[in-house]
Structures are given as C-alpha cells and as structure tokens.
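Student: This is the content of protein-v7.cif (mmCIF, C-alpha atoms):
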```cif
data_query
#
loop_
_atom_site.label_atom_id
_atom_site.label_comp_id
_atom_site.auth_asym_id
_atom_site.auth_seq_id
_atom_site.Cartn_x
_atom_site.Cartn_y
_atom_site.Cartn_z
CA LEU A 17 107.83 75.96 54.59
CA PRO A 18 106.96 78.75 52.12
CA GLU A 19 110.66 79.03 51.22
CA HIS A 20 110.87 75.28 50.46
CA GLU A 21 107.50 74.67 48.84
CA ASP A 22 109.07 73.41 45.61
CA LYS A 23 110.90 70.59 47.34
CA GLU A 24 109.91 67.03 46.50
CA ASN A 25 107.14 65.53 48.69
CA ILE A 26 106.55 68.90 50.38
CA GLY A 27 102.85 67.99 50.60
CA LYS A 28 103.60 65.28 53.16
CA VAL A 29 105.53 67.77 55.28
CA VAL A 30 102.67 70.29 55.14
CA LEU A 31 100.17 67.59 56.11
CA GLU A 32 102.28 66.54 59.08
CA GLY A 33 102.66 70.18 60.10
CA ILE A 34 98.89 70.71 60.02
CA LYS A 35 98.42 67.64 62.22
CA LEU A 36 100.89 69.02 64.75
CA ILE A 37 99.27 72.48 64.73
CA MET A 38 95.81 71.11 65.36
CA ALA A 39 97.08 68.79 68.09
CA GLU A 40 99.49 71.04 69.97
CA SER A 41 98.50 74.69 69.48
CA ASP A 42 97.25 76.75 72.40
CA THR A 43 96.77 80.43 73.24
CA SER A 44 100.53 81.02 73.20
CA MET A 45 100.76 79.59 69.65
CA PRO A 46 97.36 80.31 68.03
CA ARG A 47 96.15 77.72 65.56
CA ALA A 48 94.75 80.22 63.05
CA SER A 49 97.96 82.24 62.59
CA MET A 50 100.14 79.13 62.39
CA LEU A 51 97.70 77.45 60.03
CA ASN A 52 97.88 80.45 57.71
CA THR A 53 101.64 79.92 57.32
CA PHE A 54 101.26 76.24 56.50
CA CYS A 55 98.36 76.80 54.09
CA ARG A 56 100.57 78.88 51.80
CA SER A 57 102.28 75.66 50.70
CA MET A 58 99.13 73.57 50.33
CA SER A 59 98.94 74.37 46.61
CA LYS A 60 101.90 71.98 46.19
CA MET A 61 99.92 69.07 47.65
CA THR A 62 98.35 66.27 45.68
CA ARG A 63 94.56 66.11 45.69
CA GLU A 64 94.62 63.18 48.12
CA GLU A 65 96.90 65.03 50.54
CA MET A 66 94.75 68.14 50.30
CA GLU A 67 91.56 66.19 51.05
CA ARG A 68 93.18 64.65 54.13
CA ALA A 69 94.37 68.09 55.28
CA LEU A 70 90.89 69.59 54.83
CA THR A 71 89.37 66.74 56.84
CA ILE A 72 91.70 67.54 59.75
CA ILE A 73 91.09 71.29 59.54
CA ASP A 74 87.32 70.99 59.25
CA SER A 75 87.10 68.56 62.17
CA LEU A 76 88.37 71.29 64.49
CA SER A 77 86.97 74.33 62.66
CA GLU A 78 85.32 75.79 65.76
CA THR A 79 88.62 75.94 67.62
CA ILE A 80 90.47 78.00 65.01
CA LYS A 81 87.96 80.82 64.51
CA TYR A 82 89.73 83.12 66.96
CA PRO A 83 91.34 85.59 66.64
CA THR A 84 88.85 86.38 63.88
CA LEU A 85 91.26 88.24 61.58
CA ASP A 86 93.82 85.43 61.75
CA TYR A 87 91.08 82.92 60.97
CA ILE A 88 89.96 84.88 57.91
CA ASP A 89 93.56 85.07 56.67
CA ALA A 90 93.96 81.31 57.11
CA GLU A 91 90.71 80.53 55.29
CA LEU A 92 91.53 82.82 52.37
CA THR A 93 94.98 81.26 52.06
CA LEU A 94 93.38 77.82 52.16
CA ILE A 95 90.87 78.75 49.43
CA GLU A 96 93.67 80.18 47.30
CA SER A 97 95.55 76.87 47.62
CA MET A 98 92.42 74.85 46.71
CA ARG A 99 91.42 76.78 43.60
CA GLN A 100 93.44 74.67 41.13
CA LEU A 101 92.83 71.12 42.35
CA MET A 102 89.40 71.62 43.93
CA PRO A 103 87.71 74.65 42.28
CA ASP A 104 84.14 73.72 43.23
CA GLN A 105 85.02 73.09 46.85
CA ALA A 106 86.99 76.34 46.92
CA ILE A 107 83.94 78.31 45.71
CA SER A 108 81.73 76.57 48.27
CA ARG A 109 84.20 77.33 51.07
CA LEU A 110 84.44 80.95 49.95
CA GLU A 111 80.65 81.31 50.01
CA ASN A 112 80.51 79.93 53.56
CA LEU A 113 83.28 82.27 54.61
CA TYR A 114 81.47 85.29 53.13
CA LEU A 115 78.28 84.34 55.00
CA TYR A 116 80.29 83.92 58.20
CA ILE A 117 81.78 87.40 57.79
CA CYS A 118 78.35 88.94 57.11
CA GLU A 119 77.06 87.52 60.40
CA LEU A 120 79.82 89.06 62.53
CA LYS A 121 78.25 91.47 65.02
CA ASP A 122 81.20 93.83 65.45
CA GLU A 123 81.02 96.14 62.43
CA SER A 124 84.68 97.14 62.68
CA ILE A 125 85.79 93.49 62.56
CA ARG A 126 83.31 92.80 59.76
CA MET A 127 84.66 95.65 57.61
CA SER A 128 88.23 94.50 58.22
CA CYS A 129 87.33 90.95 57.16
CA LEU A 130 85.48 92.13 54.06
CA SER A 131 88.52 94.24 53.17
CA LYS A 132 90.73 91.16 53.41
CA LEU A 133 88.31 89.33 51.15
CA LEU A 134 88.24 92.12 48.55
CA GLY A 135 92.02 92.55 48.62
CA ARG A 136 92.54 88.89 47.63
CA TYR A 137 89.51 88.50 45.38
CA ALA A 138 91.50 88.03 42.18
CA HIS A 139 93.47 85.13 43.70
CA LEU A 140 90.59 83.03 45.02
CA GLY A 141 89.44 81.35 41.79
CA ASP A 142 87.36 82.13 38.72
CA LYS A 143 86.50 85.78 39.34
CA ARG A 144 83.48 85.78 37.03
CA ARG A 145 82.02 82.76 38.76
CA ILE A 146 82.67 84.22 42.21
CA GLU A 147 80.98 87.49 41.26
CA ARG A 148 78.04 85.61 39.79
CA GLU A 149 77.53 83.12 42.62
CA ILE A 150 78.67 85.00 45.74
CA VAL A 151 79.13 88.78 45.53
CA SER A 152 80.51 91.21 42.94
CA THR A 153 83.57 93.33 43.61
CA VAL A 154 81.47 96.47 43.02
CA ASP A 155 78.94 95.48 45.69
CA LEU A 156 81.68 94.41 48.06
CA ARG A 157 83.57 97.64 47.55
CA ASN A 158 80.44 99.72 48.14
CA GLU A 159 79.61 97.78 51.29
CA ILE A 160 83.11 98.36 52.68
CA SER A 161 83.13 102.04 51.73
CA ILE A 162 79.75 102.73 53.36
CA GLY A 163 80.62 100.70 56.46
CA ILE A 164 84.02 102.33 57.04
CA LYS A 165 82.63 105.85 56.62
CA ARG A 166 79.78 105.06 59.02
CA LEU A 167 82.26 103.82 61.61
CA LEU A 168 84.48 106.88 61.19
CA HIS A 169 81.47 109.16 61.76
CA THR A 170 80.40 107.35 64.93
CA THR A 171 83.69 106.44 66.65
CA ALA A 172 86.81 108.26 67.83
CA CYS A 173 89.59 105.67 67.38
CA HIS A 174 89.95 106.23 63.65
CA ILE A 175 93.37 104.62 63.20
CA LYS A 176 92.09 101.33 64.63
CA ILE A 177 89.16 101.46 62.22
CA VAL A 178 91.21 102.02 59.06
CA GLU A 179 94.45 100.12 59.78
CA GLU A 180 93.31 96.63 58.72
CA PRO A 181 91.42 97.87 55.61
CA ILE A 182 94.52 99.86 54.61
CA LYS A 183 96.70 96.79 55.06
CA ALA A 184 94.33 94.64 53.02
CA LEU A 185 93.58 97.06 50.17
CA VAL A 186 96.56 99.39 49.69
CA CYS A 187 98.07 97.34 46.85
CA GLU A 188 94.89 96.62 44.86
CA TYR A 189 92.54 99.52 45.67
CA PRO A 190 94.57 102.71 46.28
CA THR A 191 91.65 105.06 45.49
CA LEU A 192 89.52 103.33 48.12
CA ILE A 193 92.30 103.85 50.66
CA ASP A 194 92.30 107.57 49.86
CA GLU A 195 88.56 107.71 50.50
CA PHE A 196 89.03 106.24 53.97
CA ILE A 197 91.95 108.41 54.99
CA ARG A 198 90.25 111.64 53.89
CA GLU A 199 87.50 110.84 56.41
CA VAL A 200 89.93 110.44 59.36
CA ASN A 201 89.23 113.12 61.92
CA THR A 202 92.57 114.89 62.60
CA SER A 203 95.64 115.90 60.60
CA GLU A 204 97.85 113.90 62.95
CA ARG A 205 95.83 110.71 62.39
CA ARG A 206 95.60 111.25 58.65
CA SER A 207 99.38 111.57 58.54
CA ARG A 208 99.73 108.37 60.56
CA ALA A 209 97.27 106.60 58.25
CA TYR A 210 99.31 107.56 55.17
CA SER A 211 102.44 106.36 56.96
CA LEU A 212 100.78 102.99 57.61
CA ALA A 213 99.64 102.81 53.99
CA ALA A 214 103.19 103.46 52.75
CA CYS A 215 104.63 100.83 55.12
CA TYR A 216 102.12 98.16 54.15
CA TYR A 217 102.51 98.95 50.46
CA VAL A 218 106.28 98.56 50.38
CA LEU A 219 106.06 95.38 52.47
CA GLN A 220 103.36 93.73 50.36
CA ALA A 221 103.71 94.95 46.77
CA GLU A 222 104.94 92.34 44.31
CA PRO A 223 108.28 93.25 42.67
CA SER A 224 106.73 93.34 39.18
CA LYS A 225 103.93 95.68 40.34
CA PHE A 226 105.89 97.87 42.72
CA ASN A 227 104.95 101.48 41.91
CA VAL A 228 107.68 103.59 43.50
CA ALA A 229 105.98 106.87 42.55
CA TYR A 230 102.81 105.79 44.37
CA PHE A 231 104.85 104.85 47.44
CA PHE A 232 106.46 108.29 47.55
CA SER A 233 103.06 109.95 47.05
CA LEU A 234 101.91 108.23 50.26
CA VAL A 235 105.04 109.24 52.16
CA SER A 236 104.71 112.85 51.00
CA ARG A 237 101.36 113.05 52.80
CA ALA A 238 102.71 111.63 56.07
CA THR A 239 104.12 114.93 57.23
CA TYR A 240 102.49 115.78 60.58
CA ARG A 241 105.35 114.27 62.59
CA ASN A 242 108.82 113.55 61.32
CA ASN A 243 108.63 109.95 62.50
CA ASP A 244 105.65 109.34 60.20
CA SER A 245 107.93 109.39 57.17
CA VAL A 246 110.98 107.73 58.74
CA GLU A 247 109.42 104.29 59.19
CA PRO A 248 108.22 103.79 55.58
CA LEU A 249 111.45 105.25 54.17
CA THR A 250 113.46 102.85 56.33
CA ILE A 251 111.47 99.85 55.10
CA PHE A 252 111.78 101.12 51.52
CA THR A 253 115.56 101.51 51.64
CA ASP A 254 115.88 98.04 53.18
CA ARG A 255 113.84 96.55 50.38
CA VAL A 256 115.62 98.26 47.49
CA LEU A 257 118.97 97.26 49.00
CA TYR A 258 118.19 93.59 49.58
CA ASP A 259 115.38 92.65 47.17
CA ASP A 260 117.12 91.58 43.96
CA LYS A 261 113.77 91.02 42.23
CA LEU A 262 113.06 94.75 42.04
CA ASP A 263 113.81 96.45 38.74
CA ALA A 264 116.56 98.91 39.66
CA ASP A 265 116.10 100.86 36.42
CA ALA A 266 112.45 101.49 37.29
CA VAL A 267 113.20 102.42 40.90
CA PHE A 268 116.10 104.81 40.26
CA PRO A 269 114.32 107.80 38.60
CA PRO A 270 111.60 108.14 41.30
CA VAL A 271 114.23 107.89 44.02
CA LYS A 272 116.24 110.72 42.47
CA SER A 273 113.18 112.93 41.98
CA ASN A 274 111.98 112.35 45.56
CA ILE A 275 115.31 112.71 47.37
CA ALA A 276 113.87 115.76 49.17
CA LEU A 277 111.77 113.39 51.30
CA PHE A 278 115.01 111.93 52.65
CA GLN A 279 116.56 115.37 53.13
CA ASP A 280 113.55 116.41 55.24
CA VAL A 281 114.19 113.69 57.84
CA GLU A 282 114.96 115.71 60.94
CA ARG A 283 117.06 113.34 63.01
CA VAL A 284 120.62 113.21 61.67
CA THR A 285 121.24 109.56 62.50
CA ASP A 286 118.04 108.47 60.74
CA ARG A 287 118.90 110.58 57.70
CA CYS A 288 122.43 109.19 57.51
CA ARG A 289 121.24 105.60 57.75
CA LEU A 290 118.74 106.15 54.94
CA TYR A 291 121.39 107.80 52.79
CA LEU A 292 123.82 104.95 53.50
CA ARG A 293 121.39 102.31 52.27
CA LEU A 294 120.63 104.35 49.14
CA TYR A 295 124.35 104.92 48.58
CA ARG A 296 125.14 101.21 48.77
CA TRP A 297 122.25 100.38 46.41
CA ALA A 298 123.03 103.16 43.91
CA ASN A 299 126.76 102.39 43.93
CA LYS A 300 125.97 98.74 43.15
CA ASN A 301 123.55 99.44 40.29
CA PHE A 302 124.58 102.88 38.94
CA PRO A 303 128.24 103.41 39.95
CA ASP A 304 128.91 106.02 37.25
CA ASP A 305 125.91 108.22 37.99
CA THR A 306 126.61 111.57 39.69
CA PHE A 307 123.78 110.78 42.11
CA VAL A 308 126.13 108.37 43.92
CA ASP A 309 128.56 111.22 44.66
CA HIS A 310 125.65 113.39 45.77
CA LEU A 311 124.55 110.74 48.29
CA LYS A 312 128.08 110.40 49.67
CA HIS A 313 128.29 114.18 50.04
CA GLU A 314 124.95 114.22 51.91
CA ILE A 315 126.12 111.46 54.27
CA ILE A 316 129.31 113.31 55.20
CA HIS A 317 127.58 116.69 55.39
CA SER A 318 124.84 115.33 57.66
CA TRP A 319 127.39 113.67 59.93
CA ARG A 320 129.38 116.88 60.25
CA THR A 321 126.32 118.71 61.59
CA ILE A 322 126.31 116.54 64.74
CA ASP A 323 127.40 118.80 67.61
CA HIS A 324 127.87 116.17 70.35
CA PRO A 325 131.58 115.23 70.13
CA THR A 326 131.36 111.74 71.66
CA PHE A 327 128.35 110.71 69.65
CA LYS A 328 129.79 112.28 66.50
CA ILE A 329 132.95 110.18 66.80
CA GLN A 330 131.06 106.94 67.55
CA PHE A 331 128.62 107.47 64.70
CA GLY A 332 131.46 108.43 62.38
CA TYR A 333 133.06 105.04 62.97
CA PHE A 334 129.73 103.39 62.18
CA ILE A 335 129.46 105.30 58.89
CA SER A 336 133.06 104.36 58.03
CA LYS A 337 132.24 100.70 58.51
CA GLU A 338 129.20 100.98 56.22
CA LEU A 339 131.08 102.96 53.56
CA ALA A 340 133.83 100.34 53.54
CA ARG A 341 131.35 97.87 52.03
CA VAL A 342 131.42 99.76 48.74
CA SER A 343 134.15 102.42 48.88
CA VAL A 344 137.27 101.80 50.96
CA PRO A 345 138.90 105.19 50.10
CA SER A 346 135.79 107.06 51.31
CA ALA A 347 135.71 104.99 54.47
CA LEU A 348 139.40 105.65 55.20
CA GLU A 349 138.92 109.38 54.63
CA LEU A 350 136.12 109.54 57.19
CA LEU A 351 138.00 107.25 59.57
CA SER A 352 140.96 109.63 59.50
CA GLU A 353 138.66 112.55 60.31
CA CYS A 354 137.15 110.61 63.24
CA ASP A 355 140.63 109.77 64.60
CA SER A 356 141.58 113.43 64.39
CA LEU A 357 138.44 114.44 66.30
CA LYS A 358 139.18 111.83 68.93
CA LYS A 359 142.70 113.17 69.51
CA ASP A 360 141.41 116.73 69.88
CA ALA A 361 138.66 115.71 72.28
CA ILE A 362 140.43 113.85 75.07
CA LEU A 363 137.63 114.40 77.58
CA THR A 364 135.12 112.70 75.27
CA SER A 365 136.93 109.34 75.34
CA SER A 366 135.10 106.44 76.97
CA SER A 367 137.66 106.27 79.82
CA SER A 368 137.28 109.98 80.59
CA LEU A 369 133.50 109.70 80.59
CA SER A 370 133.64 106.68 82.90
CA ALA A 371 135.95 108.53 85.29
CA CYS A 372 133.62 111.55 85.23
CA ASN A 373 130.57 109.42 85.98
CA GLU A 374 132.36 107.67 88.86
CA ALA A 375 133.47 111.03 90.27
CA ILE A 376 129.92 112.40 90.15
CA GLU A 377 128.60 109.25 91.82
CA LEU A 378 131.22 109.50 94.57
CA TYR A 379 130.47 113.21 95.08
CA THR A 380 126.73 112.45 95.32
CA GLN A 381 127.38 109.79 97.98
CA SER A 382 129.53 112.18 100.00
CA LEU A 383 126.74 114.79 99.98
CA CYS A 384 124.25 112.23 101.28
CA TYR A 385 126.05 112.11 104.65
CA LEU A 386 125.56 115.89 105.06
CA ILE A 387 121.74 115.69 104.83
#
```
Could you take the file, read its structure, and then write that structure out as structure tokens?
Tutor:
Amino acid sequence: LPEHEDKENIGKVVLEGIKLIMAESDTSMPRASMLNTFCRSMSKMTREEMERALTIIDSLSETIKYPTLDYIDAELTLIESMRQLMPDQAISRLENLYLYICELKDESIRMSCLSKLLGRYAHLGDKRRIEREIVSTVDLRNEISIGIKRLLHTTACHIKIVEEPIKALVCEYPTLIDEFIREVNTSERRSRAYSLAACYYVLQAEPSKFNVAYFFSLVSRATYRNNDSVEPLTIFTDRVLYDDKLDADAVFPPVKSNIALFQDVERVTDRCRLYLRLYRWANKNFPDDTFVDHLKHEIIHSWRTIDHPTFKIQFGYFISKELARVSVPSALELLSECDSLKKDAILTSSSSLSACNEAIELYTQSLCYLI
C-alpha cells in the first residue's frame, strides 16, 4: 500500500484492509504491526473514510495494544495521518497515548515508547499546540534522558535498554544518542551501540537530510569488533548504489575522505563486496574521477591476498561478474587471471575435491571395521 498511496480511491482499499486486519489477525500476524503498515496510507483517505476506519480501530482497541512497541508505532502513524483532516481529534488521541505511555509499569518499555514519541514529535501536528497542551519537547527529552541513565545504572543488559531509543532518536536527536551510549558499561557494548546507531541512521534518514559525515562518525566509533563496522557499511553501500534520491555530489566527498573505514574491514570477501558496490556507484556518477581507478585497484589487490586457491578462484569469478556490469575489459582481465589459476591448480577443481572427499569417506569406513 505505501508504494501505491497516490492511486485513485486508495482510501477504499486502506479501509478494506483495516477491516480484514481487525477480523483475521492473530498471534502469527499481529494486528498492531500490520495496522501500522496500513495507517501510513490513511492520510490519502477522505474524512468520511477516515472516520469509518477510526470507528473500526477504536472498537477493538484493547486487542491491538500488544506488543506495546508495535501498538505505539501504529498509534503514532495513525495520528500523523489524522493531523490534516482531523487536527483536534489527532491532538486528543495523542494526549491519550501520552497518558497511556506514562502509566506503563515497565520503565524500559516506557522509555522506549517516549523515545518513539519524541522522535516523531514534529510530524504529529501543530508542534506549538502539542507542547502547550500535552508536553514540551524539553520536558520529554529530560524525562527520557533521566530514565535511560537510571536504567543503565541499575541493569546489566545495556544494549536492550538503548536499542529502541537509538532507533527512534538517531535521526532527530544525535546528541541525546551520544549521552546514552557514553553511559553503556563496556567498550564492546558501546561499540555495538554505535554500530546499531549507524545502521538505523542509514536506514531511516531522509535523502534530503542524509548526513554522510555523521554516519561515518558513528561507524568510526564502532571499532571493538570488526563486524561492528561491516554491517552499517554494507547497508550504506547498498543505499548509495540503489537509492537514486540521494545527492551523489554530497555523498562523494565524505566517502573519499573516509575510505580508510572500508580498508580496515578485516575479512577480504566483505571488503571486496563493499568496494564493488562503491566502484559501481562511483563509476556511474563520477566515471572520470581517479577514485574509480583506486577502487578497482583495491578490489583486485584485496582479491589477490586470498591464499585459499579454490576459494580464490570461485570468488574471482564472482568479482568478474560484478565488474562486468560497469567495465567489461576489467572483468575479462580478471576472468583470464582466474582461468590461469584454475589451470595451474588442478587439484583444486570441484571434481578433484569431490573425489578427495569420497576417498576420505571410503577410507574412514574401512577403518571402522578394524575397531
């Protein structure tokens, strides 16, 4: 639905979908999480359609309050959809939701829900009116900050405490995220927290507000384990390669200045895959820049450091296939090198390896009769 929300009469489709969700959902297809998806398109409804949808949702409100975090997401999405056609009702619903959150007994869940509320505050209606009638962003931010720090000082599972607040606030309140992570109790967990922050940022940031330098600043602090940086860098390279809405001219300089973060990836296959995505993106947008040649050199150099013949040949063919998307001569050059390696390493062929495995299995079986 979100991809087709501009279609004619989409409101009727959303209304029918909400009816089906409320009638058919069970524990294997939770109502709250499904409802959140449908509510994203409710802003395209007419007022009459929206009123009918709200009647259905409110009639079964008690059955959609769990899981709590999914319910809060659904309600916030619903309020965001209501703010244009039904501003007064949206404010009233937001007030009830805030009171509901304040009454939650589990402080960790309460802080996560308040973080979700703060992260979407600017999209829920007239901000001045909300701050005047419900709660100000300053008070809400202070409440979250105090609550999270109290939890971190009294519990051991720090990543579970900060993950949802990080997810909710990383795009709008980066300094608040830093406050939380500095309180996390070990270097390993702080590194993991920064990795999560980088992942959630690159997944959620709007193209027009995507701060690449900030993203790399998060990744640069996820250094305890090599895997901590690989995941966000993988998501980042996927996005720059496939998201046409990103401003390539704004992304390019930070990528060039932070290429060391890619060079520090320990596992060769991970490093090559990251370089390949960057190479395809840079070749598409900046074909005449020397950085493109540098990336190709790094791909080939990294591949040549692989010391396992069979895997080196197989991965070389994979790289050739990827290079062929943008540079056939480069792909053919590597393909020729792989073929040469294959000829010189007869025992590493798949047939030789299969024969060796069968021989070892047969030898093992023969030994069994001697025991």
Student: Write out as an mmCIF file with C-alpha atoms, keeping the file's coordinate frame the residues lying within 9 Å of Ile34 of chain A, counting all atoms listed in the file and excluding same-chain residues fewer than 3 positions away.
Tutor:
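Written file, around.cif:
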```cif
data_model
loop_
_atom_site.group_PDB
_atom_site.id
_atom_site.type_symbol
_atom_site.label_atom_id
_atom_site.label_comp_id
_atom_site.auth_asym_id
_atom_site.auth_seq_id
_atom_site.Cartn_x
_atom_site.Cartn_y
_atom_site.Cartn_z
ATOM 1 C CA VAL A 29 105.530 67.770 55.280
ATOM 2 C CA VAL A 30 102.670 70.290 55.140
ATOM 3 C CA LEU A 31 100.170 67.590 56.110
ATOM 4 C CA ILE A 37 99.270 72.480 64.730
ATOM 5 C CA MET A 38 95.810 71.110 65.360
ATOM 6 C CA ALA A 39 97.080 68.790 68.090
ATOM 7 C CA MET A 50 100.140 79.130 62.390
ATOM 8 C CA LEU A 51 97.700 77.450 60.030
ATOM 9 C CA PHE A 54 101.260 76.240 56.500
ATOM 10 C CA CYS A 55 98.360 76.800 54.090
ATOM 11 C CA ALA A 69 94.370 68.090 55.280
ATOM 12 C CA ILE A 72 91.700 67.540 59.750
ATOM 13 C CA ILE A 73 91.090 71.290 59.540
#
```
Student: Leaving out Val235 of chain A and any residue of its chain fewer than 2 positions from it, which residues lie within 8 Å of it when counting only C-alpha atoms, given as a VMD selection string?
Tutor: chain A and resid 210 to 211 214 231 to 233 237 to 239 245 248 to 249 277
Student: Could you please take those selected residues and save C-alpha atoms as an mmCIF file, in the frame of the given file?
Tutor:
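Dumped everything to selection-v5.cif:
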```cif
data_model
loop_
_atom_site.group_PDB
_atom_site.id
_atom_site.type_symbol
_atom_site.label_atom_id
_atom_site.label_comp_id
_atom_site.auth_asym_id
_atom_site.auth_seq_id
_atom_site.Cartn_x
_atom_site.Cartn_y
_atom_site.Cartn_z
ATOM 1 C CA TYR A 210 99.310 107.560 55.170
ATOM 2 C CA SER A 211 102.440 106.360 56.960
ATOM 3 C CA ALA A 214 103.190 103.460 52.750
ATOM 4 C CA PHE A 231 104.850 104.850 47.440
ATOM 5 C CA PHE A 232 106.460 108.290 47.550
ATOM 6 C CA SER A 233 103.060 109.950 47.050
ATOM 7 C CA ARG A 237 101.360 113.050 52.800
ATOM 8 C CA ALA A 238 102.710 111.630 56.070
ATOM 9 C CA THR A 239 104.120 114.930 57.230
ATOM 10 C CA SER A 245 107.930 109.390 57.170
ATOM 11 C CA PRO A 248 108.220 103.790 55.580
ATOM 12 C CA LEU A 249 111.450 105.250 54.170
ATOM 13 C CA LEU A 277 111.770 113.390 51.300
#
```
Student: State, in Å with one decimal place, the distance from atom CA of Val228 of chain A to atom CA of Val271 of chain A.
Tutor: 7.9 Å
Student: For each of A:Lys121, A:Lys272, A:His317, A:Arg205, take the minimum atom-to-atom distance to Tyr240 of chain A, counting only C-alpha atoms, then give the residue where this is smallest.
Tutor: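 So, comparing all the options, the nearest one is A:Arg205.
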Student: Would you mind listing what lies within 12 Å of Phe196 of chain A as number ranges by chain, with only C-alpha atoms counted and same-chain residues fewer than 3 positions away left out?
Tutor: A: 160-169, 174-175, 177-182, 185-186, 189-193, 199-201, 205-206, 209-210, 213
Student: A:Phe307, A:Trp297, A:Tyr379, A:Tyr114: which is nearest Tyr258 of chain A, counting only C-alpha atoms?
Tutor: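 Of A:Phe307, A:Trp297, A:Tyr379, A:Tyr114, the one nearest Tyr258 of chain A is A:Trp297, counting only C-alpha atoms.
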Student: What is the distance, in Å and to one decimal place, between atom CA of Cys215 of chain A and atom CA of Ser236 of chain A?
Tutor: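 Between these atoms lies a distance of 12.7 Å.
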Student: How far is it from atom CA of Arg99 of chain A to atom CA of Asp74 of chain A, in Å with one decimal?
Tutor: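 For atom CA of Arg99 of chain A relative to atom CA of Asp74 of chain A, the distance reads 17.2 Å.
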Student: Using all atoms listed in the file, find the one residue out of A:Leu110, A:Cys384, A:Leu94, A:Val344 that sits nearest to Arg145 of chain A.
Tutor: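 Looking at the shortest contact to Arg145 of chain A, the residue is A:Leu110.
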Student: For the structure provided, state which residues fall under the PyMOL selection byres ((chain A and resi 81-89) around 10), and present them as a PyMOL selection string.
Tutor: chain A and resi 43+46-53+55+76-80+90-95+113-114+116-117+120+125-126+128-130+132-133+136+180
Student: Which residues come within 9 Å of Glu314 of chain A, counting all atoms listed in the file, excluding same-chain residues fewer than 3 positions away, as a list in words?
Tutor: Gln279, Cys288, Tyr291, Asp309, His310, Leu311, His317, Ser318 and Trp319 of chain A
Student: Could you tell me which of A:Lys176, A:Leu378, A:Val308, A:Asn243 comes closest to Ser343 of chain A if we count all atoms listed in the file?
Tutor: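 Nearest to Ser343 of chain A: A:Val308.
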Student: Find, counting all atoms listed in the file, the residue in A:Arg109, A:Thr170, A:Asp104, A:Leu350 that gets nearest to Asp142 of chain A.
Tutor: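 Counting all atoms listed in the file, the residue closest to Asp142 of chain A is A:Asp104.
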Student: Keeping all heavy atoms (and nothing else), can you write segment 370-376 of chain A of this structure as a tab-separated table (two decimals), in the first residue's frame?
Tutor:
```
chain	number	residue	atom	x	y	z
A	370	SER	N	35.75	-33.38	-4.94
A	370	SER	CA	34.72	-34.40	-4.71
A	370	SER	C	35.36	-35.78	-4.60
A	370	SER	O	34.99	-36.58	-3.73
A	370	SER	CB	33.70	-34.38	-5.84
A	370	SER	OG	33.02	-33.15	-5.89
A	371	ALA	N	36.31	-36.06	-5.50
A	371	ALA	CA	36.99	-37.36	-5.46
A	371	ALA	C	37.76	-37.53	-4.15
A	371	ALA	O	37.78	-38.62	-3.55
A	371	ALA	CB	37.93	-37.48	-6.65
A	372	CYS	N	38.40	-36.43	-3.69
A	372	CYS	CA	39.16	-36.49	-2.44
A	372	CYS	C	38.23	-36.76	-1.25
A	372	CYS	O	38.54	-37.59	-0.39
A	372	CYS	CB	39.91	-35.18	-2.25
A	372	CYS	SG	40.92	-35.12	-0.75
A	373	ASN	N	37.10	-36.09	-1.24
A	373	ASN	CA	36.14	-36.28	-0.14
A	373	ASN	C	35.60	-37.70	-0.12
A	373	ASN	O	35.46	-38.32	0.93
A	373	ASN	CB	34.98	-35.29	-0.27
A	373	ASN	CG	35.39	-33.87	0.06
A	373	ASN	OD1	36.32	-33.64	0.82
A	373	ASN	ND2	34.70	-32.89	-0.53
A	374	GLU	N	35.30	-38.24	-1.32
A	374	GLU	CA	34.80	-39.61	-1.40
A	374	GLU	C	35.86	-40.61	-0.95
A	374	GLU	O	35.56	-41.62	-0.28
A	374	GLU	CB	34.34	-39.91	-2.82
A	374	GLU	CG	33.08	-39.15	-3.22
A	374	GLU	CD	32.70	-39.40	-4.66
A	374	GLU	OE1	33.35	-40.25	-5.32
A	374	GLU	OE2	31.76	-38.74	-5.15
A	375	ALA	N	37.12	-40.34	-1.30
A	375	ALA	CA	38.20	-41.23	-0.90
A	375	ALA	C	38.38	-41.23	0.63
A	375	ALA	O	38.58	-42.29	1.25
A	375	ALA	CB	39.51	-40.80	-1.58
A	376	ILE	N	38.30	-40.05	1.23
A	376	ILE	CA	38.44	-39.95	2.68
A	376	ILE	C	37.28	-40.67	3.37
A	376	ILE	O	37.47	-41.37	4.38
A	376	ILE	CB	38.49	-38.47	3.11
A	376	ILE	CG1	39.79	-37.84	2.62
A	376	ILE	CG2	38.37	-38.33	4.63
A	376	ILE	CD1	39.87	-36.33	2.84
```
